[in-house]
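One file, target19.txt, carrying compact mmCIF, N, CA and C atoms:
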```
# COMPACT_ATOMS: atom_id res chain seq x y z
N MET I 1 116.71 170.25 94.64
CA MET I 1 117.81 170.16 93.71
C MET I 1 118.48 168.79 93.87
N ILE I 2 118.89 168.17 92.72
CA ILE I 2 119.52 166.85 92.71
C ILE I 2 121.03 167.02 92.88
N PRO I 3 121.62 166.28 93.81
CA PRO I 3 123.09 166.38 93.98
C PRO I 3 123.80 165.98 92.69
N LYS I 4 124.96 166.60 92.44
CA LYS I 4 125.73 166.38 91.21
C LYS I 4 126.13 164.91 91.05
N LYS I 5 126.52 164.26 92.12
CA LYS I 5 126.95 162.86 92.06
C LYS I 5 125.80 161.98 91.59
N LEU I 6 124.61 162.19 92.15
CA LEU I 6 123.44 161.41 91.77
C LEU I 6 123.05 161.69 90.32
N LEU I 7 123.14 162.94 89.91
CA LEU I 7 122.83 163.33 88.54
C LEU I 7 123.80 162.66 87.56
N LYS I 8 125.07 162.63 87.93
CA LYS I 8 126.09 162.01 87.09
C LYS I 8 125.82 160.51 86.94
N GLU I 9 125.45 159.84 88.03
CA GLU I 9 125.14 158.41 87.99
C GLU I 9 123.92 158.14 87.11
N LYS I 10 122.90 158.97 87.22
CA LYS I 10 121.70 158.81 86.39
C LYS I 10 122.04 159.03 84.92
N TRP I 11 122.88 160.02 84.66
CA TRP I 11 123.29 160.30 83.28
C TRP I 11 124.06 159.11 82.70
N SER I 12 124.95 158.51 83.47
CA SER I 12 125.72 157.34 83.03
C SER I 12 124.78 156.16 82.76
N LEU I 13 123.80 155.99 83.63
CA LEU I 13 122.84 154.90 83.45
C LEU I 13 122.00 155.13 82.19
N LEU I 14 121.61 156.36 81.96
CA LEU I 14 120.83 156.68 80.76
C LEU I 14 121.64 156.42 79.49
N VAL I 15 122.90 156.81 79.49
CA VAL I 15 123.78 156.56 78.34
C VAL I 15 123.94 155.06 78.11
N LEU I 16 124.10 154.30 79.18
CA LEU I 16 124.22 152.86 79.06
C LEU I 16 122.95 152.24 78.46
N ILE I 17 121.80 152.67 78.94
CA ILE I 17 120.53 152.15 78.42
C ILE I 17 120.38 152.48 76.94
N ILE I 18 120.71 153.70 76.56
CA ILE I 18 120.62 154.09 75.14
C ILE I 18 121.56 153.25 74.30
N TRP I 19 122.78 153.03 74.76
CA TRP I 19 123.76 152.22 74.02
C TRP I 19 123.26 150.79 73.84
N VAL I 20 122.70 150.19 74.89
CA VAL I 20 122.17 148.83 74.81
C VAL I 20 121.02 148.77 73.81
N LEU I 21 120.15 149.75 73.82
CA LEU I 21 119.03 149.78 72.86
C LEU I 21 119.53 149.91 71.43
N ILE I 22 120.49 150.79 71.21
CA ILE I 22 121.05 150.95 69.86
C ILE I 22 121.72 149.66 69.42
N TYR I 23 122.54 149.09 70.29
CA TYR I 23 123.26 147.86 69.95
C TYR I 23 122.30 146.70 69.68
N SER I 24 121.24 146.63 70.44
CA SER I 24 120.31 145.50 70.33
C SER I 24 119.33 145.63 69.17
N PHE I 25 118.87 146.84 68.89
CA PHE I 25 117.78 146.98 67.93
C PHE I 25 118.16 147.70 66.63
N VAL I 26 119.09 148.62 66.69
CA VAL I 26 119.43 149.42 65.50
C VAL I 26 120.58 148.80 64.72
N LEU I 27 121.68 148.51 65.38
CA LEU I 27 122.87 148.00 64.69
C LEU I 27 122.64 146.73 63.88
N PRO I 28 121.91 145.75 64.40
CA PRO I 28 121.71 144.53 63.60
C PRO I 28 121.02 144.80 62.26
N HIS I 29 120.24 145.86 62.18
CA HIS I 29 119.55 146.18 60.92
C HIS I 29 120.41 147.04 60.00
N VAL I 30 121.37 147.73 60.58
CA VAL I 30 122.24 148.61 59.79
C VAL I 30 123.50 147.88 59.35
N VAL I 31 124.11 147.14 60.26
CA VAL I 31 125.37 146.45 59.99
C VAL I 31 125.10 144.95 60.01
N ASN I 32 125.45 144.28 58.94
CA ASN I 32 125.26 142.83 58.86
C ASN I 32 126.55 142.16 59.34
N PHE I 33 126.58 141.84 60.64
CA PHE I 33 127.78 141.26 61.23
C PHE I 33 128.11 139.90 60.61
N GLU I 34 127.09 139.14 60.28
CA GLU I 34 127.31 137.82 59.66
C GLU I 34 128.04 137.98 58.33
N GLU I 35 127.65 138.98 57.56
CA GLU I 35 128.31 139.22 56.27
C GLU I 35 129.76 139.64 56.47
N ILE I 36 130.01 140.46 57.48
CA ILE I 36 131.38 140.90 57.76
C ILE I 36 132.25 139.70 58.12
N ILE I 37 131.74 138.83 58.99
CA ILE I 37 132.50 137.64 59.40
C ILE I 37 132.71 136.71 58.21
N ASN I 38 131.67 136.50 57.40
CA ASN I 38 131.81 135.65 56.21
C ASN I 38 132.84 136.20 55.25
N ASN I 39 132.90 137.52 55.09
CA ASN I 39 133.90 138.13 54.20
C ASN I 39 135.31 137.92 54.74
N MET I 40 135.47 137.99 56.07
CA MET I 40 136.79 137.75 56.66
C MET I 40 137.22 136.30 56.43
N VAL I 41 136.30 135.36 56.65
CA VAL I 41 136.60 133.94 56.45
C VAL I 41 136.89 133.69 54.98
N ASN I 42 136.10 134.27 54.08
CA ASN I 42 136.29 134.08 52.66
C ASN I 42 137.65 134.62 52.21
N LYS I 43 138.08 135.75 52.79
CA LYS I 43 139.38 136.32 52.45
C LYS I 43 140.49 135.33 52.81
N ASP I 44 140.40 134.74 54.02
CA ASP I 44 141.38 133.74 54.44
C ASP I 44 141.35 132.53 53.51
N ASN I 45 140.15 132.08 53.16
CA ASN I 45 140.01 130.94 52.26
C ASN I 45 140.65 131.24 50.91
N CYS I 46 140.43 132.44 50.40
CA CYS I 46 140.99 132.80 49.10
C CYS I 46 142.52 132.85 49.15
N GLU I 47 143.06 133.34 50.26
CA GLU I 47 144.52 133.37 50.40
C GLU I 47 145.08 131.94 50.42
N GLU I 48 144.42 131.04 51.14
CA GLU I 48 144.86 129.65 51.18
C GLU I 48 144.73 129.00 49.80
N GLU I 49 143.65 129.31 49.11
CA GLU I 49 143.46 128.76 47.76
C GLU I 49 144.58 129.21 46.83
N GLN I 50 144.95 130.48 46.91
CA GLN I 50 146.03 131.00 46.06
C GLN I 50 147.36 130.32 46.38
N LYS I 51 147.63 130.08 47.68
CA LYS I 51 148.86 129.37 48.07
C LYS I 51 148.87 127.96 47.49
N LEU I 52 147.75 127.27 47.63
CA LEU I 52 147.67 125.90 47.13
C LEU I 52 147.82 125.86 45.62
N GLN I 53 147.21 126.81 44.93
CA GLN I 53 147.31 126.82 43.47
C GLN I 53 148.75 127.02 43.01
N ARG I 54 149.55 127.75 43.77
CA ARG I 54 150.95 127.98 43.39
C ARG I 54 151.83 126.76 43.64
N GLU I 55 151.36 125.86 44.49
CA GLU I 55 152.18 124.71 44.88
C GLU I 55 152.10 123.57 43.86
N PHE I 56 153.24 122.95 43.62
CA PHE I 56 153.34 121.77 42.77
C PHE I 56 153.73 120.60 43.66
N ILE I 57 152.95 119.53 43.60
CA ILE I 57 153.25 118.34 44.40
C ILE I 57 153.32 117.15 43.46
N ASN I 58 154.40 116.40 43.57
CA ASN I 58 154.55 115.19 42.78
C ASN I 58 155.49 114.27 43.55
N GLY I 59 154.92 113.26 44.19
CA GLY I 59 155.76 112.37 44.97
C GLY I 59 154.98 111.22 45.58
N VAL I 60 155.69 110.46 46.39
CA VAL I 60 155.12 109.29 47.06
C VAL I 60 154.99 109.60 48.55
N VAL I 61 153.82 109.35 49.11
CA VAL I 61 153.56 109.63 50.53
C VAL I 61 154.44 108.72 51.38
N THR I 62 155.23 109.34 52.27
CA THR I 62 156.12 108.57 53.14
C THR I 62 155.61 108.52 54.57
N ASP I 63 154.74 109.45 54.92
CA ASP I 63 154.28 109.54 56.30
C ASP I 63 153.07 110.46 56.34
N LYS I 64 152.18 110.21 57.28
CA LYS I 64 151.08 111.14 57.54
C LYS I 64 150.84 111.15 59.04
N PHE I 65 150.53 112.33 59.58
CA PHE I 65 150.38 112.45 61.03
C PHE I 65 149.57 113.69 61.38
N GLU I 66 149.14 113.72 62.62
CA GLU I 66 148.40 114.86 63.16
C GLU I 66 149.19 115.40 64.34
N ASP I 67 149.40 116.72 64.38
CA ASP I 67 150.18 117.28 65.48
C ASP I 67 149.29 117.51 66.70
N SER I 68 149.87 118.05 67.76
CA SER I 68 149.15 118.23 69.03
C SER I 68 148.00 119.22 68.91
N ARG I 69 148.03 120.07 67.88
CA ARG I 69 146.94 121.04 67.67
C ARG I 69 145.83 120.47 66.79
N GLY I 70 146.03 119.24 66.30
CA GLY I 70 145.02 118.62 65.45
C GLY I 70 145.20 118.93 63.97
N ILE I 71 146.32 119.55 63.61
CA ILE I 71 146.59 119.86 62.21
C ILE I 71 147.19 118.64 61.54
N ARG I 72 146.61 118.26 60.41
CA ARG I 72 147.04 117.05 59.70
C ARG I 72 148.06 117.39 58.62
N TYR I 73 149.06 116.53 58.52
CA TYR I 73 150.13 116.71 57.55
C TYR I 73 150.38 115.39 56.84
N PHE I 74 151.03 115.49 55.68
CA PHE I 74 151.64 114.31 55.09
C PHE I 74 152.98 114.71 54.50
N ARG I 75 153.90 113.75 54.54
CA ARG I 75 155.22 113.95 53.92
C ARG I 75 155.24 113.13 52.64
N TYR I 76 155.95 113.65 51.68
CA TYR I 76 156.09 112.92 50.42
C TYR I 76 157.51 113.09 49.88
N TYR I 77 157.95 112.08 49.18
CA TYR I 77 159.28 112.08 48.58
C TYR I 77 159.12 112.37 47.10
N ASN I 78 159.80 113.40 46.60
CA ASN I 78 159.65 113.81 45.20
C ASN I 78 160.78 113.32 44.30
N GLY I 79 161.56 112.38 44.79
CA GLY I 79 162.68 111.87 44.00
C GLY I 79 164.01 112.47 44.42
N GLN I 80 163.96 113.60 45.12
CA GLN I 80 165.17 114.25 45.61
C GLN I 80 165.09 114.56 47.10
N ASP I 81 163.95 115.05 47.53
CA ASP I 81 163.78 115.48 48.92
C ASP I 81 162.47 114.94 49.49
N THR I 82 162.41 114.85 50.82
CA THR I 82 161.15 114.56 51.49
C THR I 82 160.57 115.90 51.93
N LEU I 83 159.36 116.18 51.48
CA LEU I 83 158.72 117.47 51.72
C LEU I 83 157.48 117.29 52.58
N LEU I 84 157.08 118.36 53.25
CA LEU I 84 155.93 118.34 54.14
C LEU I 84 154.80 119.14 53.51
N SER I 85 153.60 118.60 53.57
CA SER I 85 152.43 119.31 53.07
C SER I 85 151.36 119.33 54.15
N HIS I 86 150.70 120.48 54.31
CA HIS I 86 149.62 120.58 55.29
C HIS I 86 148.25 120.60 54.64
N TRP I 87 148.18 120.38 53.35
CA TRP I 87 146.90 120.51 52.64
C TRP I 87 145.91 119.41 53.03
N ALA I 88 146.36 118.36 53.66
CA ALA I 88 145.45 117.29 54.08
C ALA I 88 144.46 117.77 55.12
N LEU I 89 144.82 118.82 55.86
CA LEU I 89 143.92 119.30 56.90
C LEU I 89 142.65 119.91 56.33
N LEU I 90 142.68 120.30 55.08
CA LEU I 90 141.55 121.02 54.51
C LEU I 90 140.36 120.13 54.18
N LYS I 91 140.61 118.86 54.02
CA LYS I 91 139.53 117.95 53.67
C LYS I 91 139.78 116.63 54.37
N PRO I 92 139.06 116.37 55.46
CA PRO I 92 139.30 115.14 56.23
C PRO I 92 139.20 113.87 55.37
N THR I 93 138.29 113.84 54.40
CA THR I 93 138.17 112.64 53.57
C THR I 93 139.45 112.42 52.76
N PHE I 94 140.09 113.51 52.36
CA PHE I 94 141.36 113.41 51.63
C PHE I 94 142.43 112.79 52.53
N TYR I 95 142.54 113.30 53.74
CA TYR I 95 143.54 112.80 54.69
C TYR I 95 143.27 111.34 55.04
N ASN I 96 142.01 111.02 55.29
CA ASN I 96 141.66 109.64 55.66
C ASN I 96 141.89 108.67 54.51
N TYR I 97 141.69 109.12 53.28
CA TYR I 97 141.89 108.25 52.13
C TYR I 97 143.38 108.01 51.86
N LEU I 98 144.18 109.02 52.06
CA LEU I 98 145.61 108.98 51.75
C LEU I 98 146.32 107.92 52.58
N GLU I 99 147.17 107.11 51.91
CA GLU I 99 147.95 106.09 52.61
C GLU I 99 149.42 106.22 52.24
N VAL I 100 150.27 105.77 53.16
CA VAL I 100 151.71 105.72 52.88
C VAL I 100 151.90 104.83 51.66
N GLY I 101 152.71 105.30 50.70
CA GLY I 101 152.96 104.56 49.47
C GLY I 101 152.15 105.08 48.29
N ASP I 102 151.11 105.89 48.55
CA ASP I 102 150.33 106.49 47.46
C ASP I 102 151.18 107.50 46.70
N SER I 103 150.98 107.56 45.40
CA SER I 103 151.57 108.63 44.59
C SER I 103 150.59 109.78 44.56
N VAL I 104 151.10 110.99 44.81
CA VAL I 104 150.25 112.18 44.83
C VAL I 104 150.80 113.19 43.83
N VAL I 105 149.90 113.69 42.98
CA VAL I 105 150.28 114.71 42.01
C VAL I 105 149.27 115.84 42.08
N LYS I 106 149.77 117.07 42.21
CA LYS I 106 148.95 118.26 42.11
C LYS I 106 149.71 119.26 41.28
N LYS I 107 149.12 119.62 40.16
CA LYS I 107 149.80 120.54 39.24
C LYS I 107 149.67 121.97 39.74
N GLU I 108 150.67 122.78 39.39
CA GLU I 108 150.62 124.19 39.72
C GLU I 108 149.43 124.83 39.01
N GLY I 109 148.69 125.66 39.74
CA GLY I 109 147.51 126.33 39.16
C GLY I 109 146.24 125.52 39.30
N SER I 110 146.31 124.37 39.94
CA SER I 110 145.16 123.49 40.08
C SER I 110 144.85 123.25 41.55
N LEU I 111 143.61 122.86 41.82
CA LEU I 111 143.20 122.47 43.18
C LEU I 111 142.88 120.98 43.22
N ILE I 112 143.26 120.27 42.18
CA ILE I 112 142.95 118.85 42.05
C ILE I 112 144.18 118.01 42.40
N PHE I 113 143.99 117.11 43.36
CA PHE I 113 145.02 116.15 43.73
C PHE I 113 144.69 114.83 43.04
N GLN I 114 145.67 114.27 42.38
CA GLN I 114 145.51 112.94 41.77
C GLN I 114 146.27 111.97 42.66
N ILE I 115 145.56 110.94 43.11
CA ILE I 115 146.15 109.95 44.01
C ILE I 115 146.15 108.60 43.30
N LYS I 116 147.33 108.00 43.20
CA LYS I 116 147.44 106.69 42.56
C LYS I 116 147.87 105.67 43.61
N ARG I 117 147.12 104.59 43.67
CA ARG I 117 147.41 103.49 44.59
C ARG I 117 147.28 102.21 43.78
N GLY I 118 148.42 101.66 43.39
CA GLY I 118 148.38 100.46 42.53
C GLY I 118 147.66 100.80 41.23
N SER I 119 146.60 100.05 40.94
CA SER I 119 145.85 100.31 39.71
C SER I 119 144.69 101.29 39.94
N ILE I 120 144.53 101.76 41.16
CA ILE I 120 143.44 102.69 41.47
C ILE I 120 143.93 104.12 41.29
N ASP I 121 143.15 104.90 40.56
CA ASP I 121 143.47 106.29 40.29
C ASP I 121 142.30 107.15 40.77
N THR I 122 142.53 108.00 41.76
CA THR I 122 141.46 108.81 42.36
C THR I 122 141.84 110.27 42.30
N THR I 123 140.84 111.13 42.20
CA THR I 123 141.11 112.57 42.29
C THR I 123 140.34 113.15 43.47
N GLN I 124 140.94 114.12 44.10
CA GLN I 124 140.31 114.85 45.20
C GLN I 124 140.49 116.33 44.90
N VAL I 125 139.41 117.09 45.02
CA VAL I 125 139.46 118.53 44.82
C VAL I 125 139.36 119.19 46.19
N ILE I 126 140.30 120.09 46.46
CA ILE I 126 140.24 120.86 47.69
C ILE I 126 139.49 122.14 47.37
N ASP I 127 138.24 122.22 47.83
CA ASP I 127 137.37 123.35 47.51
C ASP I 127 137.35 124.34 48.66
N PHE I 128 137.82 125.53 48.40
CA PHE I 128 137.88 126.58 49.42
C PHE I 128 136.61 127.42 49.44
N GLU I 129 135.74 127.20 48.50
CA GLU I 129 134.53 128.01 48.34
C GLU I 129 134.89 129.48 48.31
N CYS I 130 135.97 129.78 47.60
CA CYS I 130 136.45 131.16 47.46
C CYS I 130 135.58 131.88 46.43
N LYS I 131 135.12 133.06 46.80
CA LYS I 131 134.24 133.83 45.91
C LYS I 131 135.00 134.95 45.26
```

What is this file in structure tokens?
Amino acid sequence: MIPKKLLKEKWSLLVLIIWVLIYSFVLPHVVNFEEIINNMVNKDNCEEEQKLQREFINGVVTDKFEDSRGIRYFRYYNGQDTLLSHWALLKPTFYNYLEVGDSVVKKEGSLIFQIKRGSIDTTQVIDFECK
């Protein structure tokens, strides 16, 4: 006869082995973890896209900087107030192109930034790849 303690340990080991087999071979075929993660990221992207679309920006860049966490910002003066925008973090080429003194316009409902620098007129689209 097998002692109860030894039987319990064997039973626990058997359950662990079955769980590892299910997790390793069955779950990846039943549950698409990559799709779940992509849907979570896409949801966040869509929320950010909606926030950006609601925002109206029209002003002159007064400052741009990166904080200790690496998040990029720019400040702009709209004729009345100096405001802070974090949308530069979404596209490094946008942040790198932007200079103090540039005029920046983004209409409400749009993802297109129009940047004017002297006689140069450039547009940048912040694409969230929202589905």

- Item | Residues of stretch 41-105 of chain I in strand (DSSP E), written as number ranges by chain | I: 57-66, 72-77, 82-85, 103-105

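Straight-line separation from atom CA of I:Glu99 to atom CA of I:Glu47: 27.6 Å.
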
- Which residue out of I:Val100, I:Ile115, I:Leu84, I:Ile17 has the minimum interatomic distance to I:Lys64 when only N, CA and C atoms are used?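 Counting only N, CA and C atoms, the residue closest to I:Lys64 is I:Val100.
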
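Among I:Glu55, I:Asp67, I:Glu49, I:Asp121, the residue with the shortest atom-to-atom distance to I:Leu83, counting only C-alpha atoms, is I:Glu55.
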
- Item | Atomic separation - atom N of I:Thr93 relative to atom C of I:Ser119, Å |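 Distance between the two atoms: 20.2 Å.
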
Specify the axis-aligned box that encloses all atoms of stretch 42-61 of chain I listed in the file after padding of 4 Å on each side, stating its centre and edge lengths in Å to one decimal as JSON.
```
{"center_x": 145.9, "center_y": 122.5, "center_z": 48.6, "size_x": 27.7, "size_y": 35.6, "size_z": 19.7}
```

- Taken to one decimal, the atom CA of I:Gln114-atom N of I:Phe56 distance is 12.8 Å
